[in-house]
Amino acid sequence: KGIERAKALGLAKSNLVDLIVVRYVFEAGSLFDPLHRGRLFTVMRHPVERAISVYYTMKEASKYDSQIKKLLNGMSLEKYAGSNIAENNWMTRFLSNKLSGELMPAHEALAREVLAQKFFIGLLSEKQQSVERFMRYFGWTTNDPGAEACIDRLVGWKWINRNGLTHPEVKENSKTWKLLEEQNTFDIRLFRYAETLF
C-alpha cells in the first residue's frame, strides 16, 4: 500500500525526497519514469551469515511477539536451519520477483541481471569502502562533526553488535552452516557474483 500511495502522490516527481527505502524492488519501479529515475543501492552480506542473524533477531523478537514465539517454538538454530521457516534464497527471490515456489536457473539469471543493471553494490565485509563509494557516487556530503562521528561509529564498529545482539559464531563446516547453505544455494552464487561487481 505504501508504494501505491507514493505513486499516487507523485513522490518521485515531487523532488521532496532524496532516498526511498524499499523492500519490493519491482513494485518500487512503478514510482519512477524516464524523467524521474532512481538508482538502487544495497549492502550485501553472505547469505548464511544473514540467515543466522535473522534467526537470532527472531529469537529476540519472540520475547515480545507471540506470533514469532509460536513460529520458532523454541527451536535451536540447527533446527531452524533445516526447517521450512529458515531463509530460502531471499535475495534471488526478491530480485527475480519469485517470492514462493521452486527457483529455476532463469530466476537466478534475472536476479543477476537486475543486480548488475540496477544496483550500486556495497558489501558488509567492506563497510567503510562501501559507504565511501555511496557517498561519492550519490554526492552525499556532511559538514557536521556529529554526523561524521555517527558514520565512523556505524562503519567502524563490529556490525554484529549494531542492534545490541550478540550470538555464538557458527563454524563454516558445521552441520548448521551446511543446512543454511543448502537453503540458500542460489543466494550464495548471487552473493559471489555481487562480490565481482563490487
# chains A, B, ... in the order shown; residues from 1 in each chain; ligands from 1

$ select_by_dssp --residues "chain A" --states "strand (DSSP E or B)" --output "list in words"
Asp33, His36, Leu40, Phe41, Thr42, Val43, Met44, Phe119, Phe120, Ile121, Gly122 and Leu123 of chain A

$ write_last_selection --atoms "N, CA and C atoms" --output "PDB file, in the first residue's frame"
ATOM      1  N   ASP A  33       9.830   7.318 -13.639  1.00  0.00           N
ATOM      2  CA  ASP A  33       9.579   7.401 -15.078  1.00  0.00           C
ATOM      3  C   ASP A  33      10.878   7.867 -15.735  1.00  0.00           C
ATOM      4  N   HIS A  36      12.249  10.964 -14.180  1.00  0.00           N
ATOM      5  CA  HIS A  36      12.496  10.887 -12.729  1.00  0.00           C
ATOM      6  C   HIS A  36      12.964   9.481 -12.411  1.00  0.00           C
ATOM      7  N   LEU A  40      19.187   2.149  -7.387  1.00  0.00           N
ATOM      8  CA  LEU A  40      19.149   1.308  -6.195  1.00  0.00           C
ATOM      9  C   LEU A  40      20.556   1.081  -5.665  1.00  0.00           C
ATOM     10  N   PHE A  41      20.661   1.017  -4.364  1.00  0.00           N
ATOM     11  CA  PHE A  41      21.931   0.593  -3.779  1.00  0.00           C
ATOM     12  C   PHE A  41      21.630  -0.345  -2.626  1.00  0.00           C
ATOM     13  N   THR A  42      22.578  -1.202  -2.361  1.00  0.00           N
ATOM     14  CA  THR A  42      22.399  -2.209  -1.319  1.00  0.00           C
ATOM     15  C   THR A  42      23.732  -2.551  -0.687  1.00  0.00           C
ATOM     16  N   VAL A  43      23.668  -3.014   0.538  1.00  0.00           N
ATOM     17  CA  VAL A  43      24.836  -3.570   1.217  1.00  0.00           C
ATOM     18  C   VAL A  43      24.534  -5.048   1.392  1.00  0.00           C
ATOM     19  N   MET A  44      25.341  -5.881   0.783  1.00  0.00           N
ATOM     20  CA  MET A  44      25.083  -7.319   0.786  1.00  0.00           C
ATOM     21  C   MET A  44      25.955  -8.030   1.811  1.00  0.00           C
ATOM     22  N   PHE A 119      21.599  -1.953  -9.541  1.00  0.00           N
ATOM     23  CA  PHE A 119      22.107  -1.715  -8.183  1.00  0.00           C
ATOM     24  C   PHE A 119      23.544  -1.229  -8.174  1.00  0.00           C
ATOM     25  N   PHE A 120      23.793  -0.354  -7.227  1.00  0.00           N
ATOM     26  CA  PHE A 120      25.149   0.016  -6.855  1.00  0.00           C
ATOM     27  C   PHE A 120      25.440  -0.828  -5.615  1.00  0.00           C
ATOM     28  N   ILE A 121      26.450  -1.679  -5.676  1.00  0.00           N
ATOM     29  CA  ILE A 121      26.685  -2.715  -4.671  1.00  0.00           C
ATOM     30  C   ILE A 121      27.652  -2.262  -3.591  1.00  0.00           C
ATOM     31  N   GLY A 122      27.292  -2.567  -2.350  1.00  0.00           N
ATOM     32  CA  GLY A 122      28.191  -2.454  -1.218  1.00  0.00           C
ATOM     33  C   GLY A 122      28.252  -3.814  -0.543  1.00  0.00           C
ATOM     34  N   LEU A 123      29.303  -4.049   0.200  1.00  0.00           N
ATOM     35  CA  LEU A 123      29.458  -5.315   0.920  1.00  0.00           C
ATOM     36  C   LEU A 123      29.610  -5.033   2.409  1.00  0.00           C
TER      37      LEU A 123
END

$ residues_around --residues "A:Lys1" --least-positions-apart "4" --cutoff "12 Å" --atoms "only C-alpha atoms" --output "VMD selection string"
chain A and resid 5 to 8 24 27 to 28

$ closest_atom_pairs --of "stretch 99-132 of chain A" --to "stretch 169-187 of chain A" --cutoff "9 Å" --atoms "only C-alpha atoms" --output "CSV"
residue,atom,partner,partner_atom,distance
A:Leu103,CA,A:Phe186,CA,8.2
A:Pro105,CA,A:Phe186,CA,8.5
A:Glu108,CA,A:Phe186,CA,6.5

$ write_last_selection --atoms "N, CA, C and O atoms" --output "PDB file, in the first residue's frame"
ATOM      1  N   LEU A 103      12.693 -22.266  -7.311  1.00  0.00           N
ATOM      2  CA  LEU A 103      13.528 -21.396  -8.128  1.00  0.00           C
ATOM      3  C   LEU A 103      14.191 -22.211  -9.228  1.00  0.00           C
ATOM      4  O   LEU A 103      14.563 -23.362  -9.027  1.00  0.00           O
ATOM      5  N   PRO A 105      17.068 -21.895 -12.789  1.00  0.00           N
ATOM      6  CA  PRO A 105      18.208 -21.096 -13.260  1.00  0.00           C
ATOM      7  C   PRO A 105      17.801 -19.764 -13.900  1.00  0.00           C
ATOM      8  O   PRO A 105      18.527 -18.776 -13.788  1.00  0.00           O
ATOM      9  N   GLU A 108      17.643 -17.114 -11.245  1.00  0.00           N
ATOM     10  CA  GLU A 108      18.989 -16.669 -10.864  1.00  0.00           C
ATOM     11  C   GLU A 108      19.557 -15.725 -11.921  1.00  0.00           C
ATOM     12  O   GLU A 108      20.151 -14.697 -11.585  1.00  0.00           O
TER      13      GLU A 108
END

$ closest_residue --among "A:Ala12, A:Val54, A:Ile85, A:Leu190" --to "A:Leu110" --atoms "only C-alpha atoms"
A:Leu190

$ select_by_dssp --residues "chain A" --states "alpha helix (DSSP H)" --output "PyMOL selection string"
chain A and resi 2-8+11-14+25-28+47-61+66-72+77-81+90-96+105-118+127-138+145-156+175-183+185-197

$ closest_residue --among "A:Lys118, A:Met135, A:Phe26, A:Trp90" --to "A:Gly38" --atoms "only C-alpha atoms"
A:Lys118
